[in-house]
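Q: Got a structure for you, protein_39.txt, holding compact mmCIF, C-alpha atoms (C1' of nucleotides).
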```txt
# COMPACT_ATOMS: atom_id res chain seq x y z
CA MET A 4 121.81 114.64 108.88
CA ALA A 5 123.19 112.76 105.91
CA ARG A 6 125.73 109.96 105.83
CA THR A 7 125.68 108.22 109.20
CA ALA A 8 128.59 107.07 111.34
CA GLY A 9 129.89 103.62 110.48
CA SER A 10 127.87 103.35 107.29
CA HIS A 11 129.37 101.15 104.58
CA SER A 12 127.92 99.50 101.49
CA ASP A 13 129.55 96.17 102.33
CA ILE A 14 127.43 96.06 105.45
CA THR A 15 124.24 97.79 104.33
CA GLY A 16 123.96 95.88 101.05
CA PRO A 17 123.59 92.42 102.58
CA ARG A 18 121.35 93.79 105.30
CA VAL A 19 118.97 95.17 102.67
CA ARG A 20 118.69 91.76 101.04
CA GLU A 21 118.23 90.02 104.39
CA ALA A 22 115.53 92.43 105.46
CA ALA A 23 113.73 92.09 102.15
CA LEU A 24 113.88 88.29 102.33
CA SER A 25 112.57 88.21 105.87
CA LEU A 26 109.76 90.68 105.29
CA PHE A 27 108.69 89.26 101.93
CA ALA A 28 108.49 85.81 103.54
CA GLN A 29 106.47 87.08 106.47
CA HIS A 30 103.99 89.37 104.77
CA GLY A 31 104.37 88.88 101.03
CA TYR A 32 106.02 91.09 98.43
CA ALA A 33 103.00 93.27 97.74
CA ALA A 34 102.26 93.84 101.41
CA VAL A 35 105.76 95.07 102.23
CA SER A 36 106.75 98.67 101.52
CA MET A 37 110.17 100.02 100.79
CA ARG A 38 109.82 102.12 103.94
CA GLN A 39 109.30 98.96 106.02
CA ILE A 40 112.43 97.39 104.56
CA ALA A 41 114.36 100.58 105.20
CA LYS A 42 113.18 100.70 108.80
CA GLU A 43 114.34 97.11 109.38
CA VAL A 44 117.76 98.02 108.00
CA GLY A 45 117.86 101.27 109.94
CA VAL A 46 118.02 103.73 107.05
CA GLN A 47 115.64 105.97 105.15
CA ALA A 48 113.80 104.57 102.14
CA GLY A 49 115.86 106.56 99.66
CA ALA A 50 119.05 104.82 100.75
CA LEU A 51 117.74 101.48 99.49
CA TYR A 52 118.14 102.72 95.95
CA ASN A 53 121.90 102.55 96.31
CA TYR A 54 121.44 98.77 96.42
CA THR A 55 118.62 98.03 94.03
CA PRO A 56 117.25 99.86 91.01
CA ASP A 57 113.71 99.15 92.19
CA LYS A 58 111.54 96.94 94.39
CA GLN A 59 110.97 94.35 91.66
CA SER A 60 114.71 93.75 91.26
CA LEU A 61 114.98 93.17 94.98
CA LEU A 62 112.54 90.27 94.66
CA PHE A 63 113.96 88.96 91.41
CA ASP A 64 117.53 88.94 92.70
CA LEU A 65 116.48 86.95 95.75
CA LEU A 66 114.71 84.36 93.61
CA ARG A 67 117.41 84.10 90.97
CA GLY A 68 120.07 83.88 93.65
CA HIS A 69 118.21 81.04 95.28
CA MET A 70 117.83 79.08 92.05
CA ASP A 71 121.48 79.65 91.12
CA GLU A 72 122.57 78.34 94.50
CA LEU A 73 120.27 75.35 94.16
CA LEU A 74 121.63 74.37 90.76
CA SER A 75 125.28 74.93 91.62
CA ALA A 76 124.98 73.03 94.91
CA ARG A 77 123.33 70.17 93.06
CA ALA A 78 126.06 70.21 90.41
CA LYS A 79 128.68 69.71 93.12
CA GLU A 80 127.05 66.52 94.39
CA LEU A 81 128.43 63.14 93.45
CA VAL A 82 126.19 61.17 91.11
CA PRO A 83 125.94 57.47 92.08
CA ASP A 84 125.80 54.91 89.30
CA THR A 85 122.50 53.16 89.97
CA PRO A 86 119.10 54.81 89.50
CA VAL A 87 117.98 53.91 93.02
CA ALA A 88 121.08 55.44 94.56
CA GLN A 89 120.66 58.51 92.35
CA LEU A 90 117.09 58.96 93.50
CA GLU A 91 118.15 58.57 97.11
CA ALA A 92 120.90 61.15 96.66
CA PHE A 93 118.51 63.55 94.98
CA SER A 94 115.83 63.17 97.65
CA LYS A 95 118.21 63.71 100.53
CA PHE A 96 119.97 66.59 98.79
CA HIS A 97 116.64 68.27 98.13
CA ILE A 98 115.49 67.98 101.73
CA ARG A 99 118.77 69.13 103.17
CA PHE A 100 119.15 72.10 100.82
CA HIS A 101 115.58 73.26 101.35
CA LEU A 102 115.61 72.90 105.10
CA GLU A 103 118.76 75.00 105.29
CA ARG A 104 117.09 78.07 103.72
CA PRO A 105 113.37 77.98 104.48
CA LEU A 106 112.76 81.66 103.79
CA SER A 107 114.25 81.56 100.30
CA VAL A 108 112.30 78.43 99.48
CA PHE A 109 109.13 79.99 100.76
CA ILE A 110 109.29 83.17 98.69
CA SER A 111 110.56 81.22 95.69
CA TYR A 112 107.19 79.78 95.12
CA MET A 113 104.90 82.14 96.96
CA GLU A 114 106.08 85.22 95.10
CA LEU A 115 106.32 83.91 91.56
CA ARG A 116 103.19 85.76 90.54
CA ASN A 117 104.68 89.06 91.67
CA LEU A 118 107.49 88.81 89.15
CA THR A 119 107.24 90.69 85.89
CA PRO A 120 106.55 88.33 82.97
CA GLU A 121 110.17 88.35 81.78
CA ASN A 122 111.53 87.71 85.26
CA PHE A 123 108.98 84.94 85.74
CA VAL A 124 110.18 83.19 82.59
CA THR A 125 113.77 83.34 83.78
CA ILE A 126 112.96 81.74 87.13
CA GLU A 127 110.71 79.12 85.58
CA GLU A 128 113.49 78.04 83.25
CA LEU A 129 115.81 77.48 86.18
CA ARG A 130 113.13 75.56 88.03
CA ARG A 131 112.46 73.31 85.06
CA LYS A 132 116.17 72.71 84.74
CA TYR A 133 116.28 71.44 88.31
CA GLU A 134 113.13 69.33 88.06
CA GLY A 135 114.45 67.92 84.80
CA GLN A 136 117.25 66.28 86.73
CA LEU A 137 114.79 64.30 88.81
CA GLU A 138 112.80 63.41 85.72
CA THR A 139 115.93 62.08 84.04
CA ILE A 140 116.67 59.87 87.02
CA LEU A 141 113.14 58.49 86.96
CA ARG A 142 113.11 57.91 83.21
CA ASP A 143 116.50 56.20 83.18
CA GLY A 144 115.48 54.05 86.14
CA HIS A 145 112.21 53.21 84.49
CA GLU A 146 113.90 52.12 81.28
CA ALA A 147 116.41 50.08 83.26
CA GLY A 148 113.56 48.37 85.08
CA ALA A 149 114.51 49.77 88.48
CA PHE A 150 111.33 51.85 88.89
CA GLN A 151 107.69 51.28 88.15
CA VAL A 152 106.20 54.67 87.41
CA ALA A 153 102.92 55.23 85.61
CA ASP A 154 103.89 58.65 84.27
CA THR A 155 107.39 60.07 84.57
CA LYS A 156 106.39 63.71 84.37
CA ILE A 157 103.68 63.44 87.00
CA THR A 158 105.75 61.30 89.29
CA THR A 159 108.46 63.96 89.14
CA LEU A 160 106.05 66.66 90.21
CA ALA A 161 104.47 64.46 92.88
CA ILE A 162 107.84 63.69 94.45
CA ILE A 163 108.93 67.33 94.35
CA ALA A 164 105.63 68.36 95.96
CA MET A 165 106.00 65.76 98.68
CA LEU A 166 109.59 66.74 99.44
CA ASN A 167 108.74 70.44 99.44
CA GLY A 168 106.08 69.69 102.02
CA VAL A 169 108.77 69.15 104.60
CA ASN A 170 109.28 72.91 104.80
CA THR A 171 105.74 73.42 106.04
CA TRP A 172 106.33 71.68 109.33
CA TYR A 173 110.04 71.11 110.00
CA ARG A 174 111.66 73.26 112.67
CA SER A 175 115.29 72.67 113.57
CA GLY A 176 115.61 71.53 117.15
CA GLY A 177 112.26 69.78 116.93
CA ARG A 178 111.30 66.18 117.50
CA LEU A 179 113.20 64.80 114.51
CA SER A 180 116.77 65.32 113.36
CA LEU A 181 117.66 66.09 109.76
CA PRO A 182 118.96 62.55 109.04
CA GLU A 183 115.76 61.09 110.47
CA VAL A 184 113.63 63.31 108.25
CA GLU A 185 115.76 62.41 105.24
CA ALA A 186 115.34 58.72 106.02
CA ILE A 187 111.55 58.92 106.44
CA TYR A 188 111.04 60.79 103.19
CA TRP A 189 113.47 58.66 101.25
CA ASP A 190 111.60 55.61 102.45
CA MET A 191 108.32 57.00 101.11
CA VAL A 192 109.85 58.09 97.81
CA ARG A 193 111.52 54.74 97.29
CA LYS A 194 108.37 52.79 97.96
CA ALA A 195 106.27 55.07 95.76
CA VAL A 196 108.33 54.26 92.67
CA THR A 197 109.22 50.58 93.14
CA MET B 167 73.72 108.78 89.04
CA ALA B 168 72.89 106.43 91.88
CA ARG B 169 71.15 103.06 91.84
CA THR B 170 71.66 101.53 88.41
CA ALA B 171 69.10 99.76 86.20
CA GLY B 172 68.75 96.05 86.94
CA SER B 173 70.83 96.21 90.09
CA HIS B 174 70.03 93.59 92.70
CA SER B 175 71.91 92.28 95.71
CA ASP B 176 71.22 88.65 94.76
CA ILE B 177 73.24 89.24 91.61
CA THR B 178 75.87 91.70 92.76
CA GLY B 179 76.68 89.83 95.98
CA PRO B 180 77.93 86.64 94.32
CA ARG B 181 79.69 88.64 91.65
CA VAL B 182 81.66 90.50 94.29
CA ARG B 183 82.85 87.22 95.81
CA GLU B 184 83.69 85.78 92.40
CA ALA B 185 85.67 88.85 91.40
CA ALA B 186 87.53 88.86 94.70
CA LEU B 187 88.36 85.16 94.36
CA SER B 188 89.59 85.55 90.82
CA LEU B 189 91.69 88.64 91.48
CA PHE B 190 93.14 87.41 94.77
CA ALA B 191 94.19 84.20 93.04
CA GLN B 192 95.78 86.06 90.14
CA HIS B 193 97.60 88.86 91.91
CA GLY B 194 97.40 88.13 95.63
CA TYR B 195 95.28 89.75 98.32
CA ALA B 196 97.65 92.61 99.09
CA ALA B 197 98.16 93.50 95.44
CA VAL B 198 94.45 93.82 94.68
CA SER B 199 92.59 97.00 95.53
CA MET B 200 88.91 97.40 96.33
CA ARG B 201 88.67 99.62 93.27
CA GLN B 202 89.96 96.80 91.05
CA ILE B 203 87.37 94.41 92.46
CA ALA B 204 84.66 97.02 91.95
CA LYS B 205 85.75 97.56 88.37
CA GLU B 206 85.54 93.82 87.66
CA VAL B 207 82.01 93.77 89.08
CA GLY B 208 81.03 96.94 87.28
CA VAL B 209 80.30 99.17 90.26
CA GLN B 210 82.04 101.88 92.22
CA ALA B 211 84.24 100.91 95.16
CA GLY B 212 81.77 102.21 97.73
CA ALA B 213 79.11 99.75 96.59
CA LEU B 214 81.27 96.82 97.73
CA TYR B 215 80.60 97.79 101.31
CA ASN B 216 76.99 96.68 100.93
CA TYR B 217 78.41 93.15 100.68
CA THR B 218 81.36 93.06 103.03
CA PRO B 219 82.27 95.06 106.13
CA ASP B 220 85.86 95.34 104.89
CA LYS B 221 88.50 93.84 102.62
CA GLN B 222 89.77 91.41 105.24
CA SER B 223 86.31 89.84 105.63
CA LEU B 224 86.15 89.34 101.89
CA LEU B 225 89.26 87.15 102.09
CA PHE B 226 88.28 85.42 105.30
CA ASP B 227 84.80 84.54 104.02
CA LEU B 228 86.29 82.98 100.89
CA LEU B 229 88.68 80.86 102.93
CA ARG B 230 86.17 79.83 105.56
CA GLY B 231 83.62 79.03 102.88
CA HIS B 232 86.16 76.81 101.17
CA MET B 233 87.04 74.92 104.33
CA ASP B 234 83.38 74.51 105.27
CA GLU B 235 82.62 73.08 101.85
CA LEU B 236 85.62 70.75 102.11
CA LEU B 237 84.57 69.37 105.48
CA SER B 238 80.90 69.00 104.62
CA ALA B 239 81.65 67.33 101.28
CA ARG B 240 83.98 64.93 103.04
CA ALA B 241 81.34 64.20 105.70
CA LYS B 242 78.92 63.14 102.98
CA GLU B 243 81.31 60.52 101.60
CA LEU B 244 80.83 56.87 102.44
CA VAL B 245 83.51 55.44 104.71
CA PRO B 246 84.69 51.99 103.62
CA ASP B 247 85.49 49.48 106.34
CA THR B 248 89.12 48.61 105.61
CA PRO B 249 91.98 51.06 106.16
CA VAL B 250 93.28 50.58 102.62
CA ALA B 251 89.88 51.33 101.12
CA GLN B 252 89.52 54.32 103.42
CA LEU B 253 92.86 55.70 102.29
CA GLU B 254 91.90 55.17 98.67
CA ALA B 255 88.58 56.95 99.18
CA PHE B 256 90.31 59.83 100.95
CA SER B 257 92.98 60.22 98.27
CA LYS B 258 90.52 60.23 95.40
CA PHE B 259 88.10 62.51 97.21
CA HIS B 260 90.89 64.96 97.94
CA ILE B 261 92.06 65.08 94.34
CA ARG B 262 88.57 65.40 92.92
CA PHE B 263 87.47 68.10 95.35
CA HIS B 264 90.63 70.14 94.87
CA LEU B 265 90.67 69.91 91.10
CA GLU B 266 87.08 71.15 90.98
CA ARG B 267 87.91 74.48 92.64
CA PRO B 268 91.50 75.37 91.85
CA LEU B 269 91.16 79.06 92.67
CA SER B 270 89.77 78.48 96.16
CA VAL B 271 92.47 75.93 96.86
CA PHE B 272 95.11 78.30 95.63
CA ILE B 273 94.17 81.26 97.80
CA SER B 274 93.48 78.96 100.74
CA TYR B 275 97.11 78.43 101.24
CA MET B 276 98.70 81.34 99.48
CA GLU B 277 96.79 83.96 101.44
CA LEU B 278 96.92 82.50 104.94
CA ARG B 279 99.50 85.05 105.99
CA ASN B 280 97.22 87.90 104.99
CA LEU B 281 94.59 86.86 107.51
CA THR B 282 94.40 88.65 110.83
CA PRO B 283 95.70 86.45 113.67
CA GLU B 284 92.21 85.51 114.88
CA ASN B 285 91.01 84.65 111.39
CA PHE B 286 94.17 82.64 110.80
CA VAL B 287 93.50 80.55 113.89
CA THR B 288 89.96 79.81 112.73
CA ILE B 289 91.12 78.58 109.33
CA GLU B 290 93.98 76.57 110.78
CA GLU B 291 91.59 74.76 113.09
CA LEU B 292 89.46 73.71 110.14
CA ARG B 293 92.52 72.59 108.24
CA ARG B 294 93.76 70.50 111.15
CA LYS B 295 90.32 68.98 111.45
CA TYR B 296 90.53 67.82 107.84
CA GLU B 297 94.09 66.57 108.03
CA GLY B 298 93.21 64.80 111.24
CA GLN B 299 90.88 62.54 109.27
CA LEU B 300 93.76 61.31 107.14
CA GLU B 301 95.92 60.87 110.20
CA THR B 302 93.24 58.75 111.84
CA ILE B 303 93.07 56.49 108.80
CA LEU B 304 96.84 56.06 108.82
CA ARG B 305 97.03 55.40 112.54
CA ASP B 306 94.19 52.88 112.51
CA GLY B 307 95.69 51.16 109.49
CA HIS B 308 99.11 51.13 111.12
CA GLU B 309 97.75 49.55 114.30
CA ALA B 310 95.83 47.00 112.25
CA GLY B 311 99.01 46.11 110.38
CA ALA B 312 97.71 47.33 107.03
CA PHE B 313 100.25 50.15 106.68
CA GLN B 314 103.94 50.50 107.41
CA VAL B 315 104.52 54.14 108.27
CA ALA B 316 107.56 55.45 110.10
CA ASP B 317 105.75 58.47 111.54
CA THR B 318 102.00 58.97 111.27
CA LYS B 319 102.03 62.75 111.59
CA ILE B 320 104.72 63.25 108.96
CA THR B 321 103.23 60.72 106.59
CA THR B 322 99.94 62.59 106.81
CA LEU B 323 101.60 65.84 105.83
CA ALA B 324 103.66 64.20 103.10
CA ILE B 325 100.59 62.65 101.50
CA ILE B 326 98.62 65.89 101.70
CA ALA B 327 101.53 67.77 100.13
CA MET B 328 101.82 65.24 97.33
CA LEU B 329 98.10 65.29 96.60
CA ASN B 330 97.99 69.10 96.71
CA GLY B 331 100.73 69.12 94.10
CA VAL B 332 98.24 68.00 91.49
CA ASN B 333 96.80 71.50 91.41
CA THR B 334 100.07 72.94 90.19
CA TRP B 335 99.93 71.19 86.85
CA TYR B 336 96.49 69.70 86.16
CA ARG B 337 94.36 71.46 83.55
CA SER B 338 90.99 70.00 82.62
CA GLY B 339 90.93 68.89 79.00
CA GLY B 340 94.63 68.07 79.21
CA ARG B 341 96.48 64.85 78.52
CA LEU B 342 95.02 62.95 81.47
CA SER B 343 91.44 62.52 82.63
CA LEU B 344 90.40 62.94 86.26
CA PRO B 345 90.05 59.17 86.86
CA GLU B 346 93.52 58.61 85.39
CA VAL B 347 95.01 61.23 87.69
CA GLU B 348 93.21 59.74 90.68
CA ALA B 349 94.55 56.30 89.78
CA ILE B 350 98.15 57.46 89.37
CA TYR B 351 98.20 59.31 92.68
CA TRP B 352 96.40 56.58 94.55
CA ASP B 353 98.99 54.14 93.26
CA MET B 354 101.80 56.28 94.64
CA VAL B 355 100.07 56.83 97.97
CA ARG B 356 99.29 53.15 98.39
CA LYS B 357 102.83 52.07 97.64
CA ALA B 358 104.30 54.76 99.93
CA VAL B 359 102.53 53.36 103.00
CA THR B 360 102.61 49.59 102.42
C1' DA C 136 50.20 106.60 91.54
C1' DG C 137 52.59 107.54 95.47
C1' DA C 138 55.42 106.14 99.33
C1' DT C 139 59.05 103.30 100.87
C1' DT C 140 63.08 100.61 100.55
C1' DA C 141 67.21 98.88 98.38
C1' DA C 142 71.26 99.76 95.52
C1' DC C 143 74.56 102.62 93.94
C1' DT C 144 77.34 106.99 92.84
C1' DG C 145 80.82 110.30 93.42
C1' DA C 146 83.31 112.94 96.26
C1' DA C 147 85.87 113.25 100.15
C1' DC C 148 88.87 111.61 104.21
C1' DA C 149 93.52 110.79 106.03
C1' DC C 150 97.16 108.18 104.88
C1' DC C 151 100.58 105.25 102.34
C1' DC C 152 103.00 104.03 97.88
C1' DG C 153 107.60 103.70 94.92
C1' DT C 154 110.90 106.64 93.41
C1' DT C 155 114.01 110.84 92.72
C1' DC C 156 117.47 114.13 94.06
C1' DA C 157 120.02 118.12 96.02
C1' DA C 158 122.30 118.73 100.07
C1' DA C 159 124.88 117.10 103.94
C1' DA C 160 127.88 114.21 106.62
C1' DC C 161 131.15 110.68 107.01
C1' DA C 162 135.23 107.56 105.34
C1' DA C 163 139.42 106.94 102.79
C1' DG C 164 143.62 108.39 100.51
C1' DC C 165 147.35 111.53 100.20
C1' DG D 143 144.61 118.24 107.48
C1' DC D 144 142.57 118.60 103.14
C1' DT D 145 140.51 116.67 99.20
C1' DT D 146 137.89 113.19 96.93
C1' DG D 147 134.52 109.82 96.81
C1' DT D 148 130.87 107.24 99.28
C1' DT D 149 126.75 106.91 101.83
C1' DT D 150 122.69 108.70 103.72
C1' DT D 151 119.06 112.12 104.77
C1' DG D 152 114.80 114.47 104.24
C1' DA D 153 111.70 116.44 101.48
C1' DA D 154 109.11 116.22 97.59
C1' DC D 155 106.59 114.07 93.41
C1' DG D 156 102.23 112.21 91.47
C1' DG D 157 99.35 108.81 92.39
C1' DG D 158 96.97 104.99 94.86
C1' DT D 159 94.93 103.02 99.43
C1' DG D 160 90.62 101.38 102.34
C1' DT D 161 86.66 103.34 103.94
C1' DT D 162 82.60 106.59 104.80
C1' DC D 163 78.42 108.92 103.61
C1' DA D 164 74.99 112.33 101.84
C1' DG D 165 72.50 112.34 97.90
C1' DT D 166 70.24 110.13 93.91
C1' DT D 167 67.99 106.70 91.33
C1' DA D 168 65.66 102.23 90.52
C1' DA D 169 62.83 98.54 92.32
C1' DT D 170 59.16 97.16 95.22
C1' DC D 171 55.10 97.59 98.04
C1' DT D 172 50.55 99.50 99.20
```
Written as structure tokens, that's how I'd like the structure from this file.

A:
Amino acid sequence: MARTAGSHSDITGPRVREAALSLFAQHGYAAVSMRQIAKEVGVQAGALYNYTPDKQSLLFDLLRGHMDELLSARAKELVPDTPVAQLEAFSKFHIRFHLERPLSVFISYMELRNLTPENFVTIEELRRKYEGQLETILRDGHEAGAFQVADTKITTLAIIAMLNGVNTWYRSGGRLSLPEVEAIYWDMVRKAVT
Amino acid sequence: MARTAGSHSDITGPRVREAALSLFAQHGYAAVSMRQIAKEVGVQAGALYNYTPDKQSLLFDLLRGHMDELLSARAKELVPDTPVAQLEAFSKFHIRFHLERPLSVFISYMELRNLTPENFVTIEELRRKYEGQLETILRDGHEAGAFQVADTKITTLAIIAMLNGVNTWYRSGGRLSLPEVEAIYWDMVRKAVT
DNA sequence: AGATTAACTGAACACCCGTTCAAAACAAGC
DNA sequence: GCTTGTTTTGAACGGGTGTTCAGTTAATCT
């Protein structure tokens, strides 16, 4: 046997990334072997190397792809003109974006330590860029007297942590709809800073 | 060679657990080998099996030990008589306890997926037991009219997530002291629920 | 001092790891 | 239908994995 019937890189390529994402999220990068990924895709391990130079790149590409999507989706959002409205927009955008891709979110901060140092730096820069947007909203709002925050940097991280928490329990089709979840979290964020 | 000079189980035992904790936190359970742990301790890999039946138990014992400590430390705390004071005590206790043992906290929710199913259930029960205490405070306070929470369960998880976030950035000897951090977070928690 | 117990070594077990590559089989273009 | 290019196999590479255990040495007990 060699090339199999119906095989095509346009199909296998995405399936490799999907399988890697799913398995990394379930068991962790280090616990997943290239042979497991290959089995999920339905090929032999060697075939994976048509789609990635090595296992590390498979992880890195997933994480960088996620951060790129996050930043470009955020850049497409309208920016309201008051700090309160900006914070509301940010909070709801964050929840919506993260609930739409739970696996990517999960590996994006569970697997950071399995990146090589250079790759880690790259991802961290993108993360700081995103968190910086929230910090700017808080600082501007604080200076304009719209928010009362003790420490802008810490408040930024506290809000991000709280919003990220939604991914630990939310399941689509559950008790609460997405707009309801957005409303509950926005209510807590708003009260925490005013 | 065989038994080495000065060797004693009272010394080696704790060192095995410390090495495992440190290495699991740095690289993740799956990425750390028994030989690496042994090297850190200064013994051969076989000697580890005087202290643990297998690698899985090493992880499980660290996690269960952490949860046991958490629950027993919490049980020793005084419980104030008003809901607001109870929430304040809980928030500050949580921050203090978690900042005192960052490595245990870290592996306690990074390595959950590397537990066997039975071990996972055991740890999850302990976690729910702890989170249940916060939920009780919120529910009692809500019924007494002290808090305005849209959803007790979700608010519980949101507060826990926010408080856990402190471990991602706090370094002792940094810009802020422990009491300052406690005060900032308590301020945000209080405002979020009233 | 001699016997007993506790602690550890070092080698071995069977198996899995990421990665490479020549050979083979299929798809696409003419 | 034949050639060219694409995709995959299957075996191999050197090395690492968790775990076991007979044998050896140090500590402890009598």

Q: Between atom CA of Ala358 of chain B and atom CA of Leu342 of chain B, what is the spacing in Å?

A: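 A separation of 22.2 Å between them.
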
Q: Which of these, A:Leu166, A:Val87, A:Ala78, A:Leu181, has the shortest distance to chain B once you count all atoms listed in the file?

A: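 Checking each candidate against chain B, we get A:Leu166 as the closest.
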
Q: Take atom CA of Lys258 of chain B and atom CA of Tyr351 of chain B and report the distance between them in Å, one decimal.

A: 8.2 Å

Q: Give me, as a ChimeraX atom specification, the contact residues of chain D against chain A at a cut-off of 9 Å, counting all atoms listed in the file.

A: /D:148-152

Q: Between C:DC143, C:DA160, C:DC152, C:DA138, which has the minimum distance to chain B (counting all atoms listed in the file)?

A: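 Selected residue with least distance to chain B: C:DC143.
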
Q: Return the neighbours of chain B among the residues of chain A, cut-off 10 Å, counting all atoms listed in the file, as a VMD selection string.

A: chain A and resid 28 to 35 112 to 114 116 to 117 152 to 154 157 to 158 160 to 169 171 to 173 183 to 184 186 to 188 190 to 197

Q: Nearest residue to DG165 of chain D out of C:DC150, C:DT139, C:DT144, C:DC161, using all atoms listed in the file?

A: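 Looking only at the distances to DG165 of chain D, the closest residue turns out to be C:DT144.
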
Q: Output as a compact mmCIF listing (two decimals) with C-alpha atoms (C1' of nucleotides), in the frame of the given file the set of chain C residues within 10 Å of chain A, with distances taken over only C-alpha atoms (C1' of nucleotides).

A:
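Writing done, so here's iface11.txt:
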```txt
# COMPACT_ATOMS: atom_id res chain seq x y z
C1' DC C 151 100.58 105.25 102.34
C1' DC C 152 103.00 104.03 97.88
C1' DG C 153 107.60 103.70 94.92
C1' DT C 154 110.90 106.64 93.41
C1' DT C 155 114.01 110.84 92.72
C1' DC C 156 117.47 114.13 94.06
C1' DA C 158 122.30 118.73 100.07
C1' DA C 159 124.88 117.10 103.94
C1' DA C 160 127.88 114.21 106.62
C1' DC C 161 131.15 110.68 107.01
C1' DA C 162 135.23 107.56 105.34
```

Q: What gap, in Å, lies between atom CA of Val82 of chain A and atom CA of Asp143 of chain A?

A: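 The value is 13.5 Å.
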